[in-house]
Amino acid sequence: MGALRCLLAVTTLSVFSLCANSKVIESTHLVGFGKAKYPENFQHFDYVNPNAPKYGKVTFGQMGTYDNFNRYASRGVAAAATGELYDTLMFGPADEVDSYYPLIAEKVRYSDDFKWLEVDINPKARFHDGVPITAHDVEFTFNKFMKEGVPQFRVYYKDIKSVKALNDKTARIEMAVPNREKLFSFVQGIPVLPKHFWKDKNFAEPLDKPPVGSSAYKIIDYKSGQSVTYGLVDNYWAEQLPVNVGRNNFKKVEYDYYRDETVLLEAFKAGEFDLRQESSAKFWAKSYNGVNFDKGYIKKEEIPHHKPVATQGFIFNIKRPIFSDPKVREALNYVFDFEWMNKNMFYNSYVRTRSYFENSDYEAKGLPSKEELAILDQFKGKIPARVFTEEYNPPKTDGTGRIRKEMRVAFKLLKEAGWELKGGVMTNKKSGEPFVFELLIYSPSTERYAIPLQKNLKRLGIEMKLRTVDTTQYTKRWRDRDFDMISSRYSAMNYPRPDLMIVWNSQYLDSSYNQAGVTDPVIDQLTQDIAASQQDPQKLLALGRALDRVLQWNFYMIPQWYINKYRVATWDKFERPAIMPTYDLGIDTWWVSKEKAKKLPEKRQ
């Protein structure tokens, strides 16, 4: 049993040994940041109703289509929620940052220098076909992902030397380079695959039939490309584990696909599905009405939240020569009139995005602090000088639509970057090529807010073409970075995580997560320092803000907007716990009320 022979005792949660000059910690939870909220013998999370009934069906509307059931394939578009077919070793609640509690795992042991970690599998753990989940499946999963998984997995987990089954119950992770974050993220984030199902299949390829899973739900019906239905697993072995009590309360969960946003909304209003989170301010203000609202069948709510939000914008592919110059990228920022759009298109419901850590403590504001300067000073001459002298804010207009002042600034920047206006066309002085580029989109709703930008660019003599493709094509071109510009987002983070390596570090250039195609030694160093400073909250605060400033002043995107509330409309048959989780809407804790459902038309009961 390896480390077990080194343990002096097993009577407490934290067990220490002098083996190999390191301490061995045994625990029923892992904490990557801060302190664990829940004690060893907790019964359930605070934000659930432990007595919630398991009843009813919820149907969601989904845009686009799908062509397979392998969420981890290197090509194709997987069906909705297929990534949730498999349980992980541990589970992170929605009211904590980086704390994880047992799911497939029963407990863990690890050295305090993070050179290795052992995980004990719960002997009751089963796949949907009744086959026990063992440490051999954990070993197989790692090797399968490393050999056939997406490239970013292999790069991110290159510091893991091996994952080995010591016996049926215990798997051991050995690190080539000690790293707490990667140890913990593997245990809480990697789905445990059934070896007996996947051993003869190529994990990189799409799957045309549902796989054997292990979670609370399994696929019970589907129409390829049109719908997929999940059923709550009878006698699910982990139903009464503390991490699952009060969760997974719908007997069936269905996803129906639509090809058009307007049709999707009208289908909801007509009673084709149950719940919709609205992203369009126009739809929310103007389209949520009709007979089913008047009858009280549909409830419309705005639910405030205080969680970090995704950073959304028109993202430049800076590997394209046309966008390689930061002055060009800054110039285009000046012709995006957010204030006019917010007033005339969005009903003043949005706040302008300005940070890559939006709505969090890590957002860079004001001038750099002493702690930030200690980090940034080493990069003087390698980063924009304004990092030290100015607070970044996107250009702000008066909202009238008249942006002559902003246009003059844009012209000046373009001239400095080697562009000039010839016959009404912005032209490169050296090559004589016109300034023409393509915005790649897949949804008509994106076209709606891209057109005002397109019109303002035309006034500059720049042609922005709108290229609409289906979701399958879009996904492939996004992965291949085969675009000039996209309207996309960078995921929200509760704190600066090592995951930032995947998003910004040049090691991950061939991964689709590095959307802008950034290869900057300074950003490489900052993200590496963040990954190495996960146990130092104060240093992370300074590093996160320093990184934010460098990203802001490099103009990798034209920032869009965010909203600090959930816009939710439901057919009024749901109940939810009194406490909402801090970092999520918590739909997995909702349940169907039989009494409410009886008052609705039969289709939505």
# chains A, B, ... in the order shown; residues from 1 in each chain; ligands from 1
call {"tool": "closest_atom_pairs", "arguments": {"of": "segment 211-296 of chain A", "to": "segment 117-132 of chain A", "cutoff": "8 Å", "atoms": "only C-alpha atoms", "output": "tab-separated table"}}
result
residue	atom	partner	partner_atom	distance
A:Val212	CA	A:His128	CA	6.2
A:Gly213	CA	A:His128	CA	5.6
A:Ser214	CA	A:Phe127	CA	4.4
A:Ser215	CA	A:His128	CA	7.8
A:Lys218	CA	A:His128	CA	7.6
A:Val233	CA	A:His128	CA	7.8
A:Trp237	CA	A:Ala125	CA	6.3
A:Ala238	CA	A:Ala125	CA	7.3
call {"tool": "write_last_selection", "arguments": {"atoms": "all heavy atoms", "output": "PDB file, in the first residue's frame"}}
result
ATOM      1  N   VAL A 212     -21.518   3.914 -21.450  1.00  0.00           N
ATOM      2  CA  VAL A 212     -21.820   3.532 -20.064  1.00  0.00           C
ATOM      3  C   VAL A 212     -21.295   4.631 -19.158  1.00  0.00           C
ATOM      4  O   VAL A 212     -20.132   5.015 -19.233  1.00  0.00           O
ATOM      5  CB  VAL A 212     -21.151   2.185 -19.716  1.00  0.00           C
ATOM      6  CG1 VAL A 212     -21.330   1.865 -18.228  1.00  0.00           C
ATOM      7  CG2 VAL A 212     -21.714   1.067 -20.575  1.00  0.00           C
ATOM      8  N   GLY A 213     -22.151   5.156 -18.289  1.00  0.00           N
ATOM      9  CA  GLY A 213     -21.768   6.229 -17.389  1.00  0.00           C
ATOM     10  C   GLY A 213     -21.755   5.787 -15.945  1.00  0.00           C
ATOM     11  O   GLY A 213     -21.788   4.584 -15.641  1.00  0.00           O
ATOM     12  N   SER A 214     -21.747   6.774 -15.038  1.00  0.00           N
ATOM     13  CA  SER A 214     -21.688   6.436 -13.618  1.00  0.00           C
ATOM     14  C   SER A 214     -22.405   7.441 -12.727  1.00  0.00           C
ATOM     15  O   SER A 214     -22.467   7.258 -11.520  1.00  0.00           O
ATOM     16  CB  SER A 214     -20.223   6.348 -13.167  1.00  0.00           C
ATOM     17  OG  SER A 214     -19.567   7.590 -13.352  1.00  0.00           O
ATOM     18  N   SER A 215     -22.962   8.519 -13.301  1.00  0.00           N
ATOM     19  CA  SER A 215     -23.515   9.599 -12.484  1.00  0.00           C
ATOM     20  C   SER A 215     -24.969   9.343 -12.135  1.00  0.00           C
ATOM     21  O   SER A 215     -25.512   8.262 -12.383  1.00  0.00           O
ATOM     22  CB  SER A 215     -23.375  10.931 -13.224  1.00  0.00           C
ATOM     23  OG  SER A 215     -24.272  10.983 -14.323  1.00  0.00           O
ATOM     24  N   LYS A 218     -28.564   8.836 -16.645  1.00  0.00           N
ATOM     25  CA  LYS A 218     -28.080   8.153 -17.837  1.00  0.00           C
ATOM     26  C   LYS A 218     -29.023   8.472 -19.000  1.00  0.00           C
ATOM     27  O   LYS A 218     -30.182   8.868 -18.790  1.00  0.00           O
ATOM     28  CB  LYS A 218     -28.018   6.642 -17.615  1.00  0.00           C
ATOM     29  CG  LYS A 218     -29.361   5.965 -17.364  1.00  0.00           C
ATOM     30  CD  LYS A 218     -29.170   4.460 -17.162  1.00  0.00           C
ATOM     31  CE  LYS A 218     -30.501   3.764 -16.887  1.00  0.00           C
ATOM     32  NZ  LYS A 218     -30.321   2.298 -16.675  1.00  0.00           N
ATOM     33  N   VAL A 233     -31.140   7.613 -12.370  1.00  0.00           N
ATOM     34  CA  VAL A 233     -30.793   6.201 -12.231  1.00  0.00           C
ATOM     35  C   VAL A 233     -31.462   5.606 -10.989  1.00  0.00           C
ATOM     36  O   VAL A 233     -31.335   6.150  -9.886  1.00  0.00           O
ATOM     37  CB  VAL A 233     -29.262   6.033 -12.141  1.00  0.00           C
ATOM     38  CG1 VAL A 233     -28.885   4.585 -11.859  1.00  0.00           C
ATOM     39  CG2 VAL A 233     -28.601   6.517 -13.421  1.00  0.00           C
ATOM     40  N   TRP A 237     -26.051   4.394  -6.581  1.00  0.00           N
ATOM     41  CA  TRP A 237     -25.312   4.020  -5.369  1.00  0.00           C
ATOM     42  C   TRP A 237     -24.925   5.230  -4.507  1.00  0.00           C
ATOM     43  O   TRP A 237     -24.797   5.106  -3.279  1.00  0.00           O
ATOM     44  CB  TRP A 237     -24.058   3.236  -5.744  1.00  0.00           C
ATOM     45  CG  TRP A 237     -22.968   4.095  -6.323  1.00  0.00           C
ATOM     46  CD1 TRP A 237     -22.770   4.411  -7.631  1.00  0.00           C
ATOM     47  CD2 TRP A 237     -21.955   4.775  -5.585  1.00  0.00           C
ATOM     48  NE1 TRP A 237     -21.702   5.251  -7.765  1.00  0.00           N
ATOM     49  CE2 TRP A 237     -21.168   5.495  -6.518  1.00  0.00           C
ATOM     50  CE3 TRP A 237     -21.615   4.851  -4.233  1.00  0.00           C
ATOM     51  CZ2 TRP A 237     -20.085   6.278  -6.151  1.00  0.00           C
ATOM     52  CZ3 TRP A 237     -20.530   5.637  -3.855  1.00  0.00           C
ATOM     53  CH2 TRP A 237     -19.774   6.344  -4.802  1.00  0.00           C
ATOM     54  N   ALA A 238     -24.738   6.412  -5.155  1.00  0.00           N
ATOM     55  CA  ALA A 238     -24.236   7.576  -4.419  1.00  0.00           C
ATOM     56  C   ALA A 238     -25.335   8.556  -4.032  1.00  0.00           C
ATOM     57  O   ALA A 238     -25.042   9.663  -3.581  1.00  0.00           O
ATOM     58  CB  ALA A 238     -23.183   8.294  -5.262  1.00  0.00           C
TER      59      ALA A 238
END
call {"tool": "select_by_dssp", "arguments": {"residues": "segment 191-359 of chain A", "states": "strand (DSSP E or B)", "output": "PyMOL selection string"}}
result
chain A and resi 191+217-223+227-232+252-258+275-277+298-304+311-316+351-352
call {"tool": "residues_around", "arguments": {"residues": "Ile173 of chain A", "least_positions_apart": "3", "cutoff": "8 Å", "atoms": "only C-alpha atoms", "output": "list in words"}}
result
Trp116, Leu117, Glu118, Ile160, Lys161, Ser162, Val163, Lys164 and Leu183 of chain A
call {"tool": "closest_residue", "arguments": {"among": "A:Thr353, A:Ser445, A:Asn51, A:Thr59", "to": "Ser227 of chain A", "atoms": "only C-alpha atoms"}}
result
A:Thr59
call {"tool": "residues_around", "arguments": {"residues": "segment 245-258 of chain A", "least_positions_apart": "5", "cutoff": "6 Å", "atoms": "only C-alpha atoms", "output": "PyMOL selection string"}}
result
chain A and resi 44+48-50+52+54-65+226-232+240+264+588-589+591
call {"tool": "write_last_selection", "arguments": {"atoms": "N, CA, C and O atoms", "output": "compact mmCIF listing (two decimals), in the first residue's frame"}}
result
# COMPACT_ATOMS: atom_id res chain seq x y z
N HIS A 44 -25.17 17.42 4.39
CA HIS A 44 -25.54 17.94 3.07
C HIS A 44 -25.04 19.37 2.97
O HIS A 44 -24.69 20.00 3.98
N VAL A 48 -29.06 23.26 -0.23
CA VAL A 48 -30.02 22.27 -0.74
C VAL A 48 -31.17 22.08 0.24
O VAL A 48 -31.08 22.46 1.41
N ASN A 49 -32.24 21.50 -0.24
CA ASN A 49 -33.33 21.01 0.61
C ASN A 49 -33.18 19.50 0.69
O ASN A 49 -33.44 18.80 -0.28
N PRO A 50 -32.73 18.97 1.82
CA PRO A 50 -32.48 17.53 1.90
C PRO A 50 -33.73 16.68 1.73
O PRO A 50 -33.64 15.48 1.46
N ALA A 52 -36.13 17.39 -0.54
CA ALA A 52 -36.71 17.66 -1.85
C ALA A 52 -37.18 16.35 -2.49
O ALA A 52 -36.45 15.36 -2.48
N LYS A 54 -38.04 13.58 -5.38
CA LYS A 54 -37.51 13.17 -6.68
C LYS A 54 -38.73 12.92 -7.57
O LYS A 54 -39.41 11.89 -7.45
N TYR A 55 -38.98 13.89 -8.45
CA TYR A 55 -40.25 13.82 -9.16
C TYR A 55 -40.17 14.65 -10.44
O TYR A 55 -39.46 15.65 -10.50
N GLY A 56 -40.96 14.26 -11.43
CA GLY A 56 -41.23 15.11 -12.58
C GLY A 56 -40.12 15.15 -13.63
O GLY A 56 -39.10 14.49 -13.54
N LYS A 57 -40.38 15.97 -14.61
CA LYS A 57 -39.49 16.11 -15.76
C LYS A 57 -39.23 17.58 -16.04
O LYS A 57 -40.12 18.41 -15.91
N VAL A 58 -37.99 17.91 -16.42
CA VAL A 58 -37.67 19.25 -16.88
C VAL A 58 -37.11 19.15 -18.29
O VAL A 58 -36.31 18.26 -18.60
N THR A 59 -37.57 20.04 -19.16
CA THR A 59 -37.10 20.09 -20.54
C THR A 59 -36.44 21.44 -20.79
O THR A 59 -36.99 22.48 -20.44
N PHE A 60 -35.24 21.38 -21.37
CA PHE A 60 -34.51 22.59 -21.73
C PHE A 60 -34.47 22.74 -23.25
O PHE A 60 -34.39 21.74 -23.97
N GLY A 61 -34.48 23.97 -23.72
CA GLY A 61 -34.25 24.24 -25.14
C GLY A 61 -32.77 24.46 -25.38
O GLY A 61 -32.09 25.10 -24.58
N GLN A 62 -32.27 23.93 -26.48
CA GLN A 62 -30.84 24.00 -26.77
C GLN A 62 -30.64 24.49 -28.20
O GLN A 62 -31.30 24.02 -29.12
N MET A 63 -29.73 25.44 -28.40
CA MET A 63 -29.44 25.93 -29.75
C MET A 63 -28.49 25.00 -30.49
O MET A 63 -27.58 24.42 -29.91
N GLY A 64 -28.72 24.86 -31.79
CA GLY A 64 -27.80 24.11 -32.64
C GLY A 64 -28.21 22.68 -32.88
O GLY A 64 -29.38 22.36 -33.08
N THR A 65 -27.24 21.80 -32.83
CA THR A 65 -27.47 20.38 -33.03
C THR A 65 -26.31 19.61 -32.39
O THR A 65 -25.43 20.20 -31.78
N GLN A 226 -31.45 16.01 -32.60
CA GLN A 226 -32.69 16.73 -32.30
C GLN A 226 -33.01 16.81 -30.81
O GLN A 226 -33.48 17.83 -30.32
N SER A 227 -32.78 15.73 -30.09
CA SER A 227 -33.10 15.73 -28.66
C SER A 227 -32.32 14.62 -27.96
O SER A 227 -31.87 13.66 -28.59
N VAL A 228 -32.17 14.78 -26.65
CA VAL A 228 -31.56 13.73 -25.83
C VAL A 228 -32.23 13.80 -24.46
O VAL A 228 -32.45 14.88 -23.92
N THR A 229 -32.58 12.63 -23.90
CA THR A 229 -33.30 12.56 -22.63
C THR A 229 -32.51 11.73 -21.63
O THR A 229 -32.05 10.63 -21.94
N TYR A 230 -32.35 12.29 -20.43
CA TYR A 230 -31.66 11.61 -19.34
C TYR A 230 -32.67 11.18 -18.29
O TYR A 230 -33.62 11.93 -17.98
N GLY A 231 -32.47 10.00 -17.74
CA GLY A 231 -33.32 9.50 -16.67
C GLY A 231 -32.54 9.35 -15.38
O GLY A 231 -31.37 8.94 -15.40
N LEU A 232 -33.18 9.67 -14.25
CA LEU A 232 -32.54 9.48 -12.95
C LEU A 232 -32.34 7.99 -12.72
O LEU A 232 -33.27 7.19 -12.87
N GLN A 240 -27.27 8.92 -1.51
CA GLN A 240 -27.31 9.41 -0.14
C GLN A 240 -25.97 9.96 0.36
O GLN A 240 -25.84 10.30 1.54
N LEU A 264 -36.58 29.34 -30.87
CA LEU A 264 -36.35 28.77 -29.54
C LEU A 264 -37.19 29.49 -28.48
O LEU A 264 -37.83 28.85 -27.64
N ASP A 588 -29.63 22.34 -10.18
CA ASP A 588 -29.54 20.94 -9.77
C ASP A 588 -30.12 20.71 -8.37
O ASP A 588 -30.23 19.57 -7.92
N THR A 589 -30.52 21.79 -7.68
CA THR A 589 -31.16 21.66 -6.36
C THR A 589 -32.66 21.93 -6.41
O THR A 589 -33.34 21.80 -5.40
N TRP A 591 -36.69 21.40 -7.60
CA TRP A 591 -37.56 20.24 -7.75
C TRP A 591 -38.91 20.67 -8.30
O TRP A 591 -39.28 21.85 -8.27
call {"tool": "closest_atom_pairs", "arguments": {"of": "segment 92-166 of chain A", "to": "segment 499-515 of chain A", "cutoff": "8 Å", "atoms": "only C-alpha atoms", "output": "Markdown table"}}
result
| residue | atom | partner | partner_atom | distance |
| --- | --- | --- | --- | --- |
| A:Pro151 | CA | A:Ser511 | CA | 6.6 |
| A:Gln152 | CA | A:Ser511 | CA | 5.6 |
| A:Val155 | CA | A:Tyr508 | CA | 7.4 |
| A:Tyr156 | CA | A:Ile502 | CA | 7.3 |
call {"tool": "write_last_selection", "arguments": {"atoms": "all heavy atoms", "output": "PDB file, in the first residue's frame"}}
result
ATOM      1  N   PRO A 151      -5.351  17.823 -26.911  1.00  0.00           N
ATOM      2  CA  PRO A 151      -3.947  18.182 -26.642  1.00  0.00           C
ATOM      3  C   PRO A 151      -3.738  18.942 -25.339  1.00  0.00           C
ATOM      4  O   PRO A 151      -2.731  18.729 -24.653  1.00  0.00           O
ATOM      5  CB  PRO A 151      -3.577  19.048 -27.856  1.00  0.00           C
ATOM      6  CG  PRO A 151      -4.499  18.615 -28.932  1.00  0.00           C
ATOM      7  CD  PRO A 151      -5.783  18.259 -28.247  1.00  0.00           C
ATOM      8  N   GLN A 152      -4.680  19.829 -24.976  1.00  0.00           N
ATOM      9  CA  GLN A 152      -4.450  20.625 -23.769  1.00  0.00           C
ATOM     10  C   GLN A 152      -4.405  19.768 -22.507  1.00  0.00           C
ATOM     11  O   GLN A 152      -3.761  20.136 -21.517  1.00  0.00           O
ATOM     12  CB  GLN A 152      -5.495  21.735 -23.618  1.00  0.00           C
ATOM     13  CG  GLN A 152      -6.931  21.289 -23.562  1.00  0.00           C
ATOM     14  CD  GLN A 152      -7.598  21.376 -24.908  1.00  0.00           C
ATOM     15  OE1 GLN A 152      -6.953  21.166 -25.920  1.00  0.00           O
ATOM     16  NE2 GLN A 152      -8.890  21.684 -24.921  1.00  0.00           N
ATOM     17  N   VAL A 155      -0.805  18.494 -22.241  1.00  0.00           N
ATOM     18  CA  VAL A 155       0.126  19.556 -21.854  1.00  0.00           C
ATOM     19  C   VAL A 155      -0.081  19.938 -20.389  1.00  0.00           C
ATOM     20  O   VAL A 155       0.874  20.070 -19.624  1.00  0.00           O
ATOM     21  CB  VAL A 155      -0.052  20.783 -22.768  1.00  0.00           C
ATOM     22  CG1 VAL A 155       0.856  21.920 -22.314  1.00  0.00           C
ATOM     23  CG2 VAL A 155       0.251  20.419 -24.211  1.00  0.00           C
ATOM     24  N   TYR A 156      -1.339  20.095 -19.990  1.00  0.00           N
ATOM     25  CA  TYR A 156      -1.616  20.547 -18.627  1.00  0.00           C
ATOM     26  C   TYR A 156      -1.148  19.525 -17.592  1.00  0.00           C
ATOM     27  O   TYR A 156      -0.602  19.878 -16.548  1.00  0.00           O
ATOM     28  CB  TYR A 156      -3.107  20.815 -18.454  1.00  0.00           C
ATOM     29  CG  TYR A 156      -3.462  21.376 -17.092  1.00  0.00           C
ATOM     30  CD1 TYR A 156      -3.137  22.687 -16.766  1.00  0.00           C
ATOM     31  CD2 TYR A 156      -4.103  20.599 -16.136  1.00  0.00           C
ATOM     32  CE1 TYR A 156      -3.443  23.215 -15.518  1.00  0.00           C
ATOM     33  CE2 TYR A 156      -4.412  21.118 -14.889  1.00  0.00           C
ATOM     34  CZ  TYR A 156      -4.090  22.421 -14.587  1.00  0.00           C
ATOM     35  OH  TYR A 156      -4.387  22.935 -13.354  1.00  0.00           O
TER      36      TYR A 156
END
call {"tool": "closest_atom_pairs", "arguments": {"of": "segment 536-571 of chain A", "to": "segment 299-319 of chain A", "cutoff": "6 Å", "atoms": "only C-alpha atoms", "output": "tab-separated table"}}
result
residue	atom	partner	partner_atom	distance
A:Tyr556	CA	A:Phe316	CA	5.9
A:Met557	CA	A:Ile315	CA	4.2
A:Ile558	CA	A:Phe314	CA	5.0
A:Pro559	CA	A:Gly313	CA	4.3
A:Gln560	CA	A:Gly313	CA	4.6
A:Asn564	CA	A:His305	CA	5.8
A:Lys565	CA	A:Pro304	CA	4.1
A:Tyr566	CA	A:Ile303	CA	5.0
A:Arg567	CA	A:Glu302	CA	4.7
A:Val568	CA	A:Glu301	CA	5.3
A:Ala569	CA	A:Lys300	CA	4.4
A:Thr570	CA	A:Lys299	CA	5.3
call {"tool": "closest_residue", "arguments": {"among": "A:Asp482, A:Glu148, A:Asp274, A:Glu40", "to": "Trp571 of chain A", "atoms": "only C-alpha atoms"}}
result
A:Asp274
call {"tool": "residues_around", "arguments": {"residues": "Asn342 of chain A", "least_positions_apart": "3", "cutoff": "12 Å", "atoms": "only C-alpha atoms", "output": "VMD selection string"}}
result
chain A and resid 280 to 282 336 to 339 345 to 352 396 to 401 449 452 560 to 563
call {"tool": "residues_around", "arguments": {"residues": "Pro321 of chain A", "least_positions_apart": "2", "cutoff": "12 Å", "atoms": "only C-alpha atoms", "output": "PyMOL selection string"}}
result
chain A and resi 316-319+323-326+328-329+417+428+431+433+435-437+484+517
call {"tool": "residues_around", "arguments": {"residues": "Gln534 of chain A", "least_positions_apart": "3", "cutoff": "9 Å", "atoms": "only C-alpha atoms", "output": "number ranges by chain"}}
result
A: 32-33, 180-181, 496-498, 529-531, 537, 539-540
call {"tool": "closest_residue", "arguments": {"among": "A:Asp95, A:Phe293, A:His29, A:Ser22", "to": "Gly586 of chain A", "atoms": "only C-alpha atoms"}}
result
A:Asp95
call {"tool": "closest_residue", "arguments": {"among": "A:Ala331, A:Ala546, A:Lys223, A:Phe184", "to": "Val387 of chain A", "atoms": "only C-alpha atoms"}}
result
A:Ala546
call {"tool": "closest_atom_pairs", "arguments": {"of": "segment 479-553 of chain A", "to": "segment 368-383 of chain A", "cutoff": "7 Å", "atoms": "only C-alpha atoms", "output": "Markdown table"}}
result
| residue | atom | partner | partner_atom | distance |
| --- | --- | --- | --- | --- |
| A:Val522 | CA | A:Phe379 | CA | 7.0 |
| A:Ala542 | CA | A:Glu372 | CA | 5.0 |
| A:Leu543 | CA | A:Glu372 | CA | 6.8 |
| A:Ala546 | CA | A:Glu372 | CA | 5.7 |
| A:Val550 | CA | A:Ile383 | CA | 6.8 |
